[in-house]
Amino acid sequence: VLMAVLFVAFGTTGDILPLFHIARRVRTRHRIVFVSHAAHAATCDWAAAGIEFLGTPTRPDERSTAIGSEYEAAVQASARCGFVVFNLFALGAWHIAEARGVAAVAASPCLIPYTPPAAFEEAFRSELPRLHAALVAAKGDGAVRWAEVEHWMWPLWTERWGSWRCERLGLPAAPMAACDEANATAALPRATPLLYGFSPALLPPPPHYLTDP
């Protein structure tokens, strides 16, 4: 039986198409479930590509404030998928992968569309001091490091996700919270790979990429 791979991508057509083409290639080896805005049902010929498309009641040109309706299709589909691929406008899929205990890959066809607030690290260190210290101390052994958090993962810790993680996914409000407990023995998870959609000849890789094993 072919493993099913869950793709979750939000945004405009330019944000969706690169992941559609990745999904079409992956389809040669795996079943694909692709979750995106219902408006993108006509963007690609999903059926001809052999991809199951699930639409959400959200708009490509607006950031949804209703996380429940935005991600419910992905939550339900994840029960039958063993791997998750998402773009950076669909970070809720990272939380879903954590809840399911499956591996995930982030795919970005463009430069990171956000930067951390100036006070982010200070607030993170104040709120989760042991986790911050562990992330900073992590070396190139495959575990997630502070470099990944600063580079693209930092929105995963914003208040937007906390209630939904607890109430719908059954997770602690903050990712990796177990690593912040007193006398914590939980290890940092493996870093989630970030797949860029452009050549390193056009844009050099971030410095922490160069030391990845």
# chains A, B, ... in the order shown; residues from 1 in each chain; ligands from 1
>>> select_by_dssp(residues="segment 59-156 of chain A", states="strand (DSSP E)", output="ChimeraX atom specification")
/A:83-86,103-108
>>> residues_around(residues="Arg190 of chain A", least_positions_apart="2", cutoff="6 Å", atoms="only C-alpha atoms", output="ChimeraX atom specification")
/A:142-144
>>> residues_around(residues="Ile67 of chain A", least_positions_apart="4", cutoff="9 Å", atoms="only C-alpha atoms", output="PyMOL selection string")
chain A and resi 71-72+92+160-161+164
>>> write_last_selection(atoms="C-alpha atoms", output="mmCIF file, in the first residue's frame")
data_model
loop_
_atom_site.group_PDB
_atom_site.id
_atom_site.type_symbol
_atom_site.label_atom_id
_atom_site.label_comp_id
_atom_site.auth_asym_id
_atom_site.auth_seq_id
_atom_site.Cartn_x
_atom_site.Cartn_y
_atom_site.Cartn_z
ATOM 1 C CA TYR A 71 -6.991 23.629 9.150
ATOM 2 C CA GLU A 72 -9.821 21.213 9.931
ATOM 3 C CA GLY A 92 -0.406 25.032 11.094
ATOM 4 C CA ARG A 160 -2.108 32.490 17.365
ATOM 5 C CA TRP A 161 -1.612 28.746 17.791
ATOM 6 C CA TRP A 164 -5.857 25.465 18.874
#
>>> closest_residue(among="A:Arg165, A:Pro117, A:Ala178, A:Val105", to="Leu131 of chain A", atoms="only C-alpha atoms")
A:Ala178
>>> closest_residue(among="A:Trp94, A:Trp157, A:Leu111, A:Ala73", to="Ala191 of chain A", atoms="only C-alpha atoms")
A:Trp94
>>> closest_residue(among="A:Phe7, A:Tyr196, A:Trp154, A:Phe120", to="His30 of chain A", atoms="only C-alpha atoms")
A:Phe7
>>> closest_residue(among="A:Thr43, A:Ser78, A:Ser36, A:Ser69", to="Glu98 of chain A", atoms="only C-alpha atoms")
A:Ser78
>>> residues_around(residues="segment 85-88 of chain A", least_positions_apart="2", cutoff="9 Å", atoms="only C-alpha atoms", output="JSON, numbers by chain")
{"A": [5, 6, 7, 8, 9, 10, 11, 15, 16, 19, 23, 83, 90, 91, 92, 93, 94, 103, 104, 105, 106, 107, 108, 109, 112, 113, 152]}
>>> select_by_dssp(residues="segment 50-117 of chain A", states="alpha helix (DSSP H)", output="list of chain:residue names")
A:Ile67, A:Gly68, A:Ser69, A:Glu70, A:Tyr71, A:Glu72, A:Ala73, A:Ala74, A:Val75, A:Gln76, A:Ala77, A:Ser78, A:Gly92, A:Ala93, A:Trp94, A:His95, A:Ile96, A:Ala97, A:Glu98, A:Ala99, A:Arg100
>>> residues_around(residues="Ala4 of chain A", least_positions_apart="4", cutoff="7 Å", atoms="only C-alpha atoms", output="short mmCIF file (atom, residue, chain, number, x, y, z; two decimals) with all heavy atoms, in the first residue's frame")
data_model
loop_
_atom_site.label_atom_id
_atom_site.label_comp_id
_atom_site.auth_asym_id
_atom_site.auth_seq_id
_atom_site.Cartn_x
_atom_site.Cartn_y
_atom_site.Cartn_z
N HIS A 30 3.75 7.88 -4.21
CA HIS A 30 2.88 7.93 -3.04
C HIS A 30 1.51 8.51 -3.41
O HIS A 30 1.39 9.25 -4.38
CB HIS A 30 3.50 8.81 -1.94
CG HIS A 30 4.85 8.37 -1.49
ND1 HIS A 30 5.04 7.26 -0.70
CD2 HIS A 30 6.08 8.89 -1.74
CE1 HIS A 30 6.34 7.11 -0.46
NE2 HIS A 30 6.99 8.07 -1.09
N ARG A 31 0.53 8.20 -2.61
CA ARG A 31 -0.77 8.86 -2.73
C ARG A 31 -0.65 10.27 -2.15
O ARG A 31 0.07 10.50 -1.19
CB ARG A 31 -1.85 8.08 -1.99
CG ARG A 31 -2.16 6.72 -2.61
CD ARG A 31 -3.28 6.00 -1.88
NE ARG A 31 -2.87 5.62 -0.53
CZ ARG A 31 -3.41 6.08 0.58
NH1 ARG A 31 -4.40 6.97 0.52
NH2 ARG A 31 -2.99 5.67 1.77
N ILE A 32 -1.38 11.22 -2.73
CA ILE A 32 -1.27 12.62 -2.32
C ILE A 32 -2.64 13.15 -1.92
O ILE A 32 -3.63 12.98 -2.65
CB ILE A 32 -0.72 13.50 -3.45
CG1 ILE A 32 0.64 12.99 -3.94
CG2 ILE A 32 -0.61 14.96 -2.99
CD1 ILE A 32 1.74 13.06 -2.92
N ARG A 80 -4.73 9.80 7.88
CA ARG A 80 -4.42 8.76 6.91
C ARG A 80 -3.15 9.05 6.11
O ARG A 80 -2.92 8.49 5.05
CB ARG A 80 -5.59 8.52 5.96
CG ARG A 80 -6.16 9.77 5.30
CD ARG A 80 -7.52 9.49 4.64
NE ARG A 80 -8.19 10.68 4.18
CZ ARG A 80 -8.14 11.13 2.92
NH1 ARG A 80 -7.45 10.47 2.01
NH2 ARG A 80 -8.78 12.23 2.57
N CYS A 81 -2.32 9.95 6.64
CA CYS A 81 -1.08 10.33 5.95
C CYS A 81 0.12 10.10 6.86
O CYS A 81 0.04 10.26 8.08
CB CYS A 81 -1.13 11.79 5.52
SG CYS A 81 -2.43 12.16 4.30
N GLY A 82 1.23 9.74 6.25
CA GLY A 82 2.43 9.44 7.02
C GLY A 82 3.55 10.43 6.84
O GLY A 82 4.66 10.22 7.35
#
>>> closest_residue(among="A:Pro57, A:Pro200, A:Gly50, A:Pro206", to="Thr28 of chain A", atoms="only C-alpha atoms")
A:Gly50
>>> closest_residue(among="A:Ser199, A:Thr65, A:Val149, A:Thr13", to="Ala42 of chain A", atoms="only C-alpha atoms")
A:Thr13
>>> atom_distance(atom1="atom CA of His151 of chain A", atom2="atom CA of Glu122 of chain A")
15.7 Å
>>> atom_distance(atom1="atom CA of Ala97 of chain A", atom2="atom CA of Pro193 of chain A")
13.1 Å
>>> atom_distance(atom1="atom CA of Val136 of chain A", atom2="atom CA of Ala123 of chain A")
14.7 Å
